[in-house]
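Here the structure is laid out as structure tokens; the discussion comes afterwards.
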Amino acid sequence: AEGILPFSQLVDHEAHKDSLLELLSPGVVLPRVLVLAKDKRHVTLSSKSTLVSAAQTGALPREQSELRPGMVVDSYVRAVESYGVFVGFLGRLNALAPRANLSDSFVSDPNEVFQKGQTVRAAVVKVEEESNKITASLKPSACGGCTDCSFLTSYLEERQLLHQLTRAQM
């Protein structure tokens, strides 16, 4: 098996990605890494603070049975399609946020708003156990807006990591 840390899984905040990529070189130690998925050929990793923290507290689901309508879960964009966005959790568990559930305002093209790997907060709308389908919403009004500080905390943690790596290279 081969371990992969996709660029899209380096940080929660896109604004930090290029700076971190410039600072990465052989021997640089990233502080926290999460195994997102594993198959026979690959292990997919993430160093996104939001996802790592959610996994450490047991708040990042790995099985459909852990999800209930109304739950709000940190996740990431696994794929963007014309009809909606697939959000990923652990392993192969994912949910579809149909285009009508992407925003509180109309979204004509999901690719203009979302990108693969983007950290998102998803509200579980429906869990269909028989068909293994999960429907989610990415609307801020459905996800509680900004009722906690986890995304701000991850921003500050990323800034601190960039500062430490910059100092280490001096």
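FYI, nothing fancy with the structure tokens labels: chains A, B, ... in order, residues from 1 per chain, ligands from 1 as they appear.
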| message | Quick one: residues within 9 Å of segment 133-144 of chain A, only C-alpha atoms, excluding same-chain residues fewer than 5 positions away - as a VMD selection string? | response | chain A and resid 64 67 69 to 73 85 to 87 94 to 98 100 to 105 120 to 128
Go ahead and dump the residues you just picked, N, CA, C and O atoms, as a compact mmCIF listing (two decimals), in the first residue's frame.
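Output below, filename result.txt:
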```txt
# COMPACT_ATOMS: atom_id res chain seq x y z
N GLN A 64 -22.55 4.39 8.50
CA GLN A 64 -23.85 5.03 8.30
C GLN A 64 -24.69 5.02 9.57
O GLN A 64 -25.41 5.96 9.86
N LEU A 67 -24.90 8.10 11.87
CA LEU A 67 -25.52 9.34 11.40
C LEU A 67 -27.01 9.36 11.68
O LEU A 67 -27.71 8.36 11.51
N PRO A 69 -30.54 12.15 11.17
CA PRO A 69 -31.01 13.43 10.64
C PRO A 69 -30.91 14.53 11.70
O PRO A 69 -31.20 14.31 12.87
N GLY A 70 -30.44 15.69 11.27
CA GLY A 70 -30.26 16.83 12.18
C GLY A 70 -28.85 16.99 12.70
O GLY A 70 -28.48 18.05 13.18
N MET A 71 -28.05 15.92 12.61
CA MET A 71 -26.65 16.02 13.05
C MET A 71 -25.89 16.97 12.14
O MET A 71 -26.13 17.02 10.94
N VAL A 72 -24.97 17.70 12.71
CA VAL A 72 -24.06 18.55 11.93
C VAL A 72 -22.66 17.98 12.12
O VAL A 72 -22.20 17.80 13.25
N VAL A 73 -22.00 17.68 11.00
CA VAL A 73 -20.74 16.96 11.03
C VAL A 73 -19.70 17.67 10.18
O VAL A 73 -19.98 18.08 9.05
N VAL A 85 -22.97 18.03 -4.46
CA VAL A 85 -21.64 17.84 -3.89
C VAL A 85 -21.66 16.60 -3.01
O VAL A 85 -22.54 16.44 -2.17
N PHE A 86 -20.68 15.72 -3.22
CA PHE A 86 -20.51 14.57 -2.34
C PHE A 86 -19.55 14.98 -1.23
O PHE A 86 -18.45 15.48 -1.51
N VAL A 87 -19.97 14.79 0.00
CA VAL A 87 -19.11 15.08 1.14
C VAL A 87 -18.64 13.77 1.74
O VAL A 87 -19.38 12.78 1.77
N ASN A 94 -19.93 8.48 2.58
CA ASN A 94 -20.14 9.81 2.03
C ASN A 94 -21.62 10.11 1.92
O ASN A 94 -22.46 9.23 2.09
N ALA A 95 -21.94 11.37 1.67
CA ALA A 95 -23.32 11.83 1.55
C ALA A 95 -23.40 12.76 0.35
O ALA A 95 -22.42 13.41 -0.02
N LEU A 96 -24.58 12.85 -0.22
CA LEU A 96 -24.82 13.77 -1.32
C LEU A 96 -25.58 14.98 -0.80
O LEU A 96 -26.63 14.83 -0.16
N ALA A 97 -25.04 16.16 -1.08
CA ALA A 97 -25.76 17.41 -0.84
C ALA A 97 -26.25 17.86 -2.22
O ALA A 97 -25.46 18.35 -3.02
N PRO A 98 -27.55 17.63 -2.52
CA PRO A 98 -28.05 18.03 -3.83
C PRO A 98 -27.95 19.54 -4.02
O PRO A 98 -27.86 20.30 -3.05
N ALA A 100 -29.92 21.88 -4.53
CA ALA A 100 -30.86 22.70 -3.75
C ALA A 100 -30.42 22.86 -2.29
O ALA A 100 -30.89 23.77 -1.59
N ASN A 101 -29.53 21.99 -1.82
CA ASN A 101 -29.07 22.03 -0.42
C ASN A 101 -27.65 22.57 -0.27
O ASN A 101 -27.03 22.38 0.77
N LEU A 102 -27.13 23.26 -1.27
CA LEU A 102 -25.75 23.72 -1.21
C LEU A 102 -25.57 25.07 -0.55
O LEU A 102 -24.50 25.36 -0.02
N SER A 103 -26.59 25.91 -0.62
CA SER A 103 -26.45 27.27 -0.11
C SER A 103 -27.83 27.83 0.22
O SER A 103 -28.84 27.32 -0.25
N ASP A 104 -27.83 28.89 1.01
CA ASP A 104 -29.10 29.57 1.30
C ASP A 104 -29.55 30.42 0.11
O ASP A 104 -30.67 30.89 0.08
N SER A 105 -28.67 30.60 -0.86
CA SER A 105 -29.03 31.28 -2.11
C SER A 105 -28.79 30.31 -3.26
O SER A 105 -28.08 29.32 -3.12
N VAL A 120 -15.87 21.32 4.86
CA VAL A 120 -17.23 21.83 4.97
C VAL A 120 -17.88 21.27 6.23
O VAL A 120 -17.43 20.28 6.79
N ARG A 121 -18.93 21.91 6.63
CA ARG A 121 -19.77 21.42 7.71
C ARG A 121 -21.08 20.98 7.07
O ARG A 121 -21.71 21.76 6.37
N ALA A 122 -21.47 19.73 7.28
CA ALA A 122 -22.65 19.17 6.64
C ALA A 122 -23.71 18.81 7.67
O ALA A 122 -23.40 18.22 8.71
N ALA A 123 -24.95 19.16 7.36
CA ALA A 123 -26.09 18.75 8.18
C ALA A 123 -26.71 17.51 7.53
O ALA A 123 -26.99 17.51 6.33
N VAL A 124 -26.91 16.47 8.31
CA VAL A 124 -27.53 15.25 7.80
C VAL A 124 -29.03 15.50 7.66
O VAL A 124 -29.69 15.88 8.64
N VAL A 125 -29.55 15.31 6.46
CA VAL A 125 -30.97 15.53 6.20
C VAL A 125 -31.74 14.22 6.26
O VAL A 125 -32.79 14.13 6.88
N LYS A 126 -31.19 13.18 5.61
CA LYS A 126 -31.89 11.90 5.53
C LYS A 126 -30.89 10.77 5.44
O LYS A 126 -29.86 10.88 4.78
N VAL A 127 -31.19 9.67 6.13
CA VAL A 127 -30.37 8.46 6.08
C VAL A 127 -31.28 7.32 5.63
O VAL A 127 -32.22 6.99 6.32
N GLU A 128 -31.00 6.77 4.46
CA GLU A 128 -31.79 5.66 3.92
C GLU A 128 -30.97 4.38 4.07
O GLU A 128 -30.11 4.09 3.25
```
Counting only C-alpha atoms, what is within 8 Å of Leu165 of chain A, bar same-chain residues fewer than 4 positions away, as a compact mmCIF listing (two decimals) with N, CA, C and O atoms, in the first residue's frame?
```txt
# COMPACT_ATOMS: atom_id res chain seq x y z
N LEU A 23 6.96 25.53 2.19
CA LEU A 23 7.76 25.20 3.36
C LEU A 23 8.02 23.70 3.50
O LEU A 23 8.89 23.29 4.27
N VAL A 28 10.57 17.57 7.08
CA VAL A 28 9.59 18.40 7.79
C VAL A 28 8.55 17.47 8.42
O VAL A 28 8.03 16.57 7.76
N LEU A 161 1.48 26.75 12.71
CA LEU A 161 2.32 25.77 12.02
C LEU A 161 3.19 26.47 10.97
O LEU A 161 4.39 26.20 10.88
N GLN A 169 13.26 27.05 9.23
CA GLN A 169 14.08 27.16 8.02
C GLN A 169 15.07 28.30 8.09
O GLN A 169 15.91 28.44 7.22
```
| request: For each of A:Ala59, A:Ala54, A:Val43, A:Val113, take the minimum atom-to-atom distance to Gly91 of chain A, counting only C-alpha atoms, then give the residue where this is smallest. | output: A:Val43
| Two-atom distance - atom CA of Pro110 of chain A, atom CA of Glu14 of chain A (Å) | 17.3 Å
| task | Could you jot down the atom CA of Gly88 of chain A to atom CA of Ser75 of chain A separation for me, Å, one decimal place? | result | 5.7 Å
| Given only C-alpha atoms as the counted atoms, nearest of A:Leu5, A:Thr166, A:Ser46, A:Ser65 to Val33 of chain A | A:Ser46
| query | Could you pull out the strand (DSSP E) residues of chain A from DSSP and send them as JSON, numbers by chain? | reply | {"A": [2, 3, 4, 34, 35, 36, 37, 38, 42, 43, 44, 45, 46, 72, 73, 74, 75, 76, 77, 78, 79, 80, 81, 84, 85, 86, 87, 88, 94, 95, 96, 97, 98, 119, 120, 121, 122, 123, 124, 125, 126, 127, 128, 133, 134, 135, 136, 137]}
| task | Do a neighbour search on Gln164 of chain A at 12 Å with only C-alpha atoms, toss out local chain neighbours closer than 5 positions, and write the hits as JSON, numbers by chain. | result | {"A": [20, 23, 24, 28, 29, 30, 31, 157, 158, 159, 169, 170]}
Output for the residues just chosen: C-alpha atoms as a PDB file, in the first residue's frame:
```pdb
ATOM      1  CA  LEU A  20       2.653  25.382   3.449  1.00  0.00           C
ATOM      2  CA  LEU A  23       7.755  25.198   3.361  1.00  0.00           C
ATOM      3  CA  LEU A  24       7.430  21.427   2.916  1.00  0.00           C
ATOM      4  CA  VAL A  28       9.587  18.399   7.792  1.00  0.00           C
ATOM      5  CA  VAL A  29       7.312  16.869  10.422  1.00  0.00           C
ATOM      6  CA  LEU A  30       3.594  17.585  10.252  1.00  0.00           C
ATOM      7  CA  PRO A  31       2.110  17.479  13.750  1.00  0.00           C
ATOM      8  CA  GLU A 157      -3.427  26.398  14.326  1.00  0.00           C
ATOM      9  CA  GLU A 158      -2.449  26.540  10.658  1.00  0.00           C
ATOM     10  CA  ARG A 159      -0.972  30.029  11.091  1.00  0.00           C
ATOM     11  CA  GLN A 169      14.083  27.156   8.022  1.00  0.00           C
ATOM     12  CA  MET A 170      15.909  30.268   9.240  1.00  0.00           C
TER      13      MET A 170
END
```
| remark: In terms of only C-alpha atoms, the residue from A:Phe114, A:Glu66, A:Arg99, A:Thr119 at minimal distance from Leu10 of chain A is A:Thr119
| request: Compile the contact shell of Ile4 of chain A as a ChimeraX atom specification: residues with an atom at most 12 Å away, counting only C-alpha atoms, same-chain residues fewer than 3 positions apart removed. | output: /A:1,7-10,33-39,41-47
